[in-house]
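The file final_12.pdb contains PDB, C-alpha atoms and all ligand atoms:
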ATOM      1  CA  MET X   1       0.000   0.000   0.000
ATOM      2  CA  THR X   2       1.490   3.318  -1.068
ATOM      3  CA  GLN X   3       1.229   6.699   0.632
ATOM      4  CA  GLN X   4      -0.983   7.699  -2.305
ATOM      5  CA  ASP X   5      -3.340   4.793  -1.542
ATOM      6  CA  VAL X   6      -3.552   5.929   2.089
ATOM      7  CA  GLN X   7      -4.363   9.518   1.105
ATOM      8  CA  ALA X   8      -6.945   8.418  -1.485
ATOM      9  CA  LEU X   9      -8.684   6.144   1.025
ATOM     10  CA  ILE X  10      -8.829   8.845   3.705
ATOM     11  CA  SER X  11     -10.169  11.353   1.200
ATOM     12  CA  HIS X  12     -12.905   8.929   0.038
ATOM     13  CA  ALA X  13     -13.838   8.149   3.661
ATOM     14  CA  GLN X  14     -14.097  11.849   4.527
ATOM     15  CA  THR X  15     -16.321  12.505   1.524
ATOM     16  CA  VAL X  16     -18.694   9.592   2.111
ATOM     17  CA  ALA X  17     -18.994  10.429   5.839
ATOM     18  CA  LYS X  18     -21.060  13.433   4.721
ATOM     19  CA  ALA X  19     -23.667  11.006   3.333
ATOM     20  CA  ALA X  20     -24.126   9.254   6.700
ATOM     21  CA  TYR X  21     -27.703   8.907   7.894
ATOM     22  CA  ALA X  22     -27.198   9.484  11.621
ATOM     23  CA  PRO X  23     -30.192  11.424  12.998
ATOM     24  CA  TYR X  24     -30.030   9.588  16.345
ATOM     25  CA  SER X  25     -26.341   9.602  17.299
ATOM     26  CA  HIS X  26     -25.245  12.546  15.132
ATOM     27  CA  PHE X  27     -22.036  10.542  14.724
ATOM     28  CA  SER X  28     -21.365  10.457  10.983
ATOM     29  CA  VAL X  29     -18.855   7.818   9.884
ATOM     30  CA  GLY X  30     -17.298   7.144   6.482
ATOM     31  CA  ALA X  31     -15.290   4.126   5.341
ATOM     32  CA  ALA X  32     -13.313   3.410   2.179
ATOM     33  CA  LEU X  33     -12.220  -0.126   1.356
ATOM     34  CA  LEU X  34      -9.319  -0.858  -0.985
ATOM     35  CA  ALA X  35      -9.873  -4.005  -3.045
ATOM     36  CA  GLU X  36      -6.979  -6.149  -4.233
ATOM     37  CA  ASP X  37      -7.753  -5.050  -7.790
ATOM     38  CA  GLY X  38      -7.275  -1.387  -6.800
ATOM     39  CA  ARG X  39     -10.951  -0.411  -6.723
ATOM     40  CA  ILE X  40     -12.258   1.617  -3.796
ATOM     41  CA  PHE X  41     -15.663   0.935  -2.223
ATOM     42  CA  THR X  42     -17.152   3.453   0.172
ATOM     43  CA  GLY X  43     -19.776   3.200   2.895
ATOM     44  CA  CYS X  44     -21.439   5.334   5.561
ATOM     45  CA  ASN X  45     -23.437   4.486   8.658
ATOM     46  CA  VAL X  46     -27.170   4.118   8.123
ATOM     47  CA  GLU X  47     -29.138   4.413  11.354
ATOM     48  CA  ASN X  48     -32.676   3.300  12.102
ATOM     49  CA  ALA X  49     -35.435   4.216  14.559
ATOM     50  CA  SER X  50     -35.058   0.622  15.753
ATOM     51  CA  TYR X  51     -31.505   1.329  16.866
ATOM     52  CA  GLY X  52     -30.223  -2.242  16.593
ATOM     53  CA  ALA X  53     -30.956  -2.206  12.859
ATOM     54  CA  THR X  54     -28.228   0.384  12.318
ATOM     55  CA  ILE X  55     -25.526  -0.476   9.779
ATOM     56  CA  CYS X  56     -21.999   0.770  10.441
ATOM     57  CA  ALA X  57     -20.003   2.494   7.703
ATOM     58  CA  GLU X  58     -17.489  -0.361   7.457
ATOM     59  CA  ARG X  59     -20.142  -3.045   6.945
ATOM     60  CA  CYS X  60     -21.937  -0.824   4.439
ATOM     61  CA  ALA X  61     -18.724  -0.653   2.379
ATOM     62  CA  VAL X  62     -18.154  -4.420   2.645
ATOM     63  CA  ALA X  63     -21.731  -5.169   1.549
ATOM     64  CA  LYS X  64     -21.438  -2.824  -1.427
ATOM     65  CA  ALA X  65     -18.199  -4.470  -2.573
ATOM     66  CA  VAL X  66     -19.357  -8.057  -2.053
ATOM     67  CA  SER X  67     -22.589  -7.320  -3.908
ATOM     68  CA  GLU X  68     -20.422  -6.209  -6.851
ATOM     69  CA  GLY X  69     -18.526  -9.518  -6.778
ATOM     70  CA  ILE X  70     -15.440  -8.190  -4.958
ATOM     71  CA  ARG X  71     -14.327 -10.127  -1.863
ATOM     72  CA  ARG X  72     -10.639  -9.495  -1.316
ATOM     73  CA  PHE X  73      -9.398  -6.312   0.311
ATOM     74  CA  THR X  74      -6.087  -4.987   1.549
ATOM     75  CA  ALA X  75      -7.069  -1.955   3.621
ATOM     76  CA  ILE X  76      -9.896   0.198   4.928
ATOM     77  CA  ALA X  77      -9.849   3.852   5.995
ATOM     78  CA  ILE X  78     -12.363   5.076   8.573
ATOM     79  CA  CYS X  79     -13.075   8.612   9.707
ATOM     80  CA  THR X  80     -15.894  10.822  10.908
ATOM     81  CA  ALA X  81     -17.425  13.901   9.341
ATOM     82  CA  ASP X  82     -16.342  16.079  12.274
ATOM     83  CA  GLY X  83     -12.810  14.690  12.595
ATOM     84  CA  THR X  84     -13.302  12.867  15.898
ATOM     85  CA  PRO X  85     -11.706   9.390  16.092
ATOM     86  CA  ALA X  86     -13.763   6.318  15.082
ATOM     87  CA  PRO X  87     -12.029   2.998  15.724
ATOM     88  CA  PRO X  88     -14.126   0.158  14.263
ATOM     89  CA  CYS X  89     -16.592  -1.602  16.561
ATOM     90  CA  GLY X  90     -16.157  -5.269  17.426
ATOM     91  CA  ILE X  91     -18.723  -6.534  14.922
ATOM     92  CA  CYS X  92     -17.049  -4.584  12.102
ATOM     93  CA  ARG X  93     -13.621  -5.950  13.072
ATOM     94  CA  GLN X  94     -15.010  -9.478  12.769
ATOM     95  CA  VAL X  95     -16.740  -8.743   9.437
ATOM     96  CA  LEU X  96     -13.524  -7.240   8.044
ATOM     97  CA  PHE X  97     -11.578 -10.291   9.264
ATOM     98  CA  GLU X  98     -13.652 -12.486   6.937
ATOM     99  CA  PHE X  99     -12.454 -10.616   3.854
ATOM    100  CA  MET X 100      -9.073  -9.104   4.790
ATOM    101  CA  PRO X 101      -7.488 -11.105   7.642
ATOM    102  CA  GLU X 102      -4.106  -9.661   6.725
ATOM    103  CA  GLY X 103      -5.455  -6.180   5.967
ATOM    104  CA  LYS X 104      -4.653  -2.776   7.400
ATOM    105  CA  VAL X 105      -7.006  -0.386   9.193
ATOM    106  CA  ILE X 106      -6.308   3.296   8.596
ATOM    107  CA  LEU X 107      -7.808   5.762  11.046
ATOM    108  CA  TRP X 108      -7.800   9.484  10.562
ATOM    109  CA  SER X 109      -8.769  12.056  13.195
ATOM    110  CA  GLU X 110      -7.949  15.703  13.794
ATOM    111  CA  GLU X 111      -6.413  14.832  17.134
ATOM    112  CA  LYS X 112      -4.136  11.993  16.034
ATOM    113  CA  GLY X 113      -3.820  12.401  12.266
ATOM    114  CA  THR X 114      -3.251   9.183  10.336
ATOM    115  CA  GLU X 115      -2.772   5.917  12.254
ATOM    116  CA  ILE X 116      -2.332   2.528  10.604
ATOM    117  CA  PHE X 117      -2.994  -0.783  12.366
ATOM    118  CA  SER X 118      -3.011  -4.407  11.284
ATOM    119  CA  LEU X 119      -6.527  -5.788  11.579
ATOM    120  CA  SER X 120      -5.012  -8.792  13.394
ATOM    121  CA  ALA X 121      -3.669  -6.428  16.076
ATOM    122  CA  LEU X 122      -7.155  -4.918  16.544
ATOM    123  CA  LEU X 123      -8.764  -8.378  16.551
ATOM    124  CA  PRO X 124      -6.398 -10.978  18.017
ATOM    125  CA  LEU X 125      -7.475 -14.570  17.321
ATOM    126  CA  GLY X 126     -10.253 -13.449  14.965
ATOM    127  CA  PHE X 127     -12.643 -16.219  13.991
ATOM    128  CA  ARG X 128     -12.532 -17.624  10.456
ATOM    129  CA  LEU X 129     -13.610 -20.804   8.737
ATOM    130  CA  GLU X 130     -11.312 -21.651   5.849
ATOM    131  CA  ASN X 131     -13.252 -21.119   2.670
ATOM    132  CA  GLU X 132     -12.946 -19.945  -0.910
ATOM    133  CA  ARG X 133     -13.273 -16.212  -0.926
TER     134      ARG X 133
HETATM  135  N1  LIG X 201     -20.501   3.393  13.822
HETATM  136  C1  LIG X 201     -19.902   3.079  12.624
HETATM  137  O1  LIG X 201     -20.393   3.439  11.549
HETATM  138  N2  LIG X 201     -18.750   2.356  12.662
HETATM  139  C2  LIG X 201     -18.162   1.893  13.805
HETATM  140  O2  LIG X 201     -17.262   1.070  13.751
HETATM  141  C3  LIG X 201     -18.605   2.425  15.102
HETATM  142  C4  LIG X 201     -19.985   2.982  15.112
HETATM  143  C5  LIG X 201     -21.743   4.163  13.801
HETATM  144  C6  LIG X 201     -22.938   3.362  14.198
HETATM  145  C7  LIG X 201     -23.869   4.440  14.698
HETATM  146  O3  LIG X 201     -24.601   4.955  13.601
HETATM  147  C8  LIG X 201     -22.947   5.523  15.217
HETATM  148  O4  LIG X 201     -21.664   5.231  14.706
HETATM  149  C9  LIG X 201     -22.874   5.613  16.723
HETATM  150  O5  LIG X 201     -22.628   4.376  17.283
END
This structure in structure tokens:
Amino acid sequence: MTQQDVQALISHAQTVAKAAYAPYSHFSVGAALLAEDGRIFTGCNVENASYGATICAERCAVAKAVSEGIRRFTAIAICTADGTPAPPCGICRQVLFEFMPEGKVILWSEEKGTEIFSLSALLPLGFRLENER
């Protein structure tokens, strides 16, 4: 992953965060997934009056990519519309582990700037069944 990839992913995540539907939490999140073929898939959080039905930005991006036939990713950038930090929730870490167990998680916030983690460091001993992706 190049520095250019990192910048492009952060920029896509910042843009899509503005599309978040977050009338309940007012916490607007954007995510940009880098596929192995170089394509970028974006997602935002989509909340619901039945709070548990809310979809996080990361899972929105994964669902968009998988529905387009893309299942292998190398990195994801996550940020919020207002620049506050947004580390991925536990469910999103597990969902990402299915499709990018060796992938990187890029966080951007005003406070800390760009931080890059291995998904395996954020989710030690993540659960996977060996399958054909
Ligand atoms: N949210 C995400 O989109 N991604 C995360 O990993 C953490 C939480 C959203 C869900 C909800 O709409 C709002 O942030 C507050 O929890």
For ligand LIG 201 (chain X), list the contacting residues at 8 Å or closer, counting only C-alpha atoms and all ligand atoms, as a ChimeraX atom specification.
/X:21-22,24-30,44-47,54-59,86-93
Writing out the chosen residues with C-alpha atoms as a PDB file, in the coordinates of the input:
ATOM      1  CA  TYR X  21     -27.703   8.907   7.894  1.00  0.00           C
ATOM      2  CA  ALA X  22     -27.198   9.484  11.621  1.00  0.00           C
ATOM      3  CA  TYR X  24     -30.030   9.588  16.345  1.00  0.00           C
ATOM      4  CA  SER X  25     -26.341   9.602  17.299  1.00  0.00           C
ATOM      5  CA  HIS X  26     -25.245  12.546  15.132  1.00  0.00           C
ATOM      6  CA  PHE X  27     -22.036  10.542  14.724  1.00  0.00           C
ATOM      7  CA  SER X  28     -21.365  10.457  10.983  1.00  0.00           C
ATOM      8  CA  VAL X  29     -18.855   7.818   9.884  1.00  0.00           C
ATOM      9  CA  GLY X  30     -17.298   7.144   6.482  1.00  0.00           C
ATOM     10  CA  CYS X  44     -21.439   5.334   5.561  1.00  0.00           C
ATOM     11  CA  ASN X  45     -23.437   4.486   8.658  1.00  0.00           C
ATOM     12  CA  VAL X  46     -27.170   4.118   8.123  1.00  0.00           C
ATOM     13  CA  GLU X  47     -29.138   4.413  11.354  1.00  0.00           C
ATOM     14  CA  THR X  54     -28.228   0.384  12.318  1.00  0.00           C
ATOM     15  CA  ILE X  55     -25.526  -0.476   9.779  1.00  0.00           C
ATOM     16  CA  CYS X  56     -21.999   0.770  10.441  1.00  0.00           C
ATOM     17  CA  ALA X  57     -20.003   2.494   7.703  1.00  0.00           C
ATOM     18  CA  GLU X  58     -17.489  -0.361   7.457  1.00  0.00           C
ATOM     19  CA  ARG X  59     -20.142  -3.045   6.945  1.00  0.00           C
ATOM     20  CA  ALA X  86     -13.763   6.318  15.082  1.00  0.00           C
ATOM     21  CA  PRO X  87     -12.029   2.998  15.724  1.00  0.00           C
ATOM     22  CA  PRO X  88     -14.126   0.158  14.263  1.00  0.00           C
ATOM     23  CA  CYS X  89     -16.592  -1.602  16.561  1.00  0.00           C
ATOM     24  CA  GLY X  90     -16.157  -5.269  17.426  1.00  0.00           C
ATOM     25  CA  ILE X  91     -18.723  -6.534  14.922  1.00  0.00           C
ATOM     26  CA  CYS X  92     -17.049  -4.584  12.102  1.00  0.00           C
ATOM     27  CA  ARG X  93     -13.621  -5.950  13.072  1.00  0.00           C
TER      28      ARG X  93
END
Mind giving me the straight-line distance from atom CA of Ala81 of chain X to atom CA of Cys60 of chain X in Å, one decimal?
16.2 Å
Just checking: using only C-alpha atoms, which residue out of X:Thr2, X:Gly43, X:Phe99, X:His12 ends up closest to Asn131 of chain X?
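When distances to Asn131 of chain X are compared using only C-alpha atoms, the smallest one comes from X:Phe99.
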Please write as a ChimeraX atom specification the full residue list that the PyMOL selection byres (((chain X and resi 78) around 7) and not hetatm) yields on this file.
/X:13,30-32,76-77,79,86,106-108
Hey, can you pull every residue with an atom no more than 7 Å from (-5.3, -7.4, 6.3), using all atoms listed in the file, and send it as a PyMOL selection string?
chain X and resi 74-75+100-104+118-119
Residue subset to file, keeping C-alpha atoms, as a CSV table (one decimal), in the frame of the given file:
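As a result, selection.csv now contains:
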chain,number,residue,atom,x,y,z
X,74,THR,CA,-6.1,-5.0,1.5
X,75,ALA,CA,-7.1,-2.0,3.6
X,100,MET,CA,-9.1,-9.1,4.8
X,101,PRO,CA,-7.5,-11.1,7.6
X,102,GLU,CA,-4.1,-9.7,6.7
X,103,GLY,CA,-5.5,-6.2,6.0
X,104,LYS,CA,-4.7,-2.8,7.4
X,118,SER,CA,-3.0,-4.4,11.3
X,119,LEU,CA,-6.5,-5.8,11.6
X:Gln3, X:Glu111, X:Ile70, X:Leu125: which is nearest Thr84 of chain X, counting all atoms listed in the file?
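For Thr84 of chain X, the nearest of the given residues is X:Glu111.
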Residue among X:Phe97, X:Lys64, X:Val16, X:Leu9 lying closest to Pro124 of chain X, counting all atoms listed in the file:
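Using all atoms listed in the file, the shortest distance to Pro124 of chain X belongs to X:Phe97.
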Which polymer residues have any atom within 9 Å of an atom of Gln94 of chain X, counting all atoms listed in the file, with same-chain residues fewer than 5 positions away left out, as a list in words?
Cys89, Leu123, Gly126, Phe127 and Arg128 of chain X
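In this comparison, which uses only C-alpha atoms, the residue of X:Asp5, X:Ser67, X:Ala53, X:Pro23 approaching Arg39 of chain X most closely is X:Asp5.
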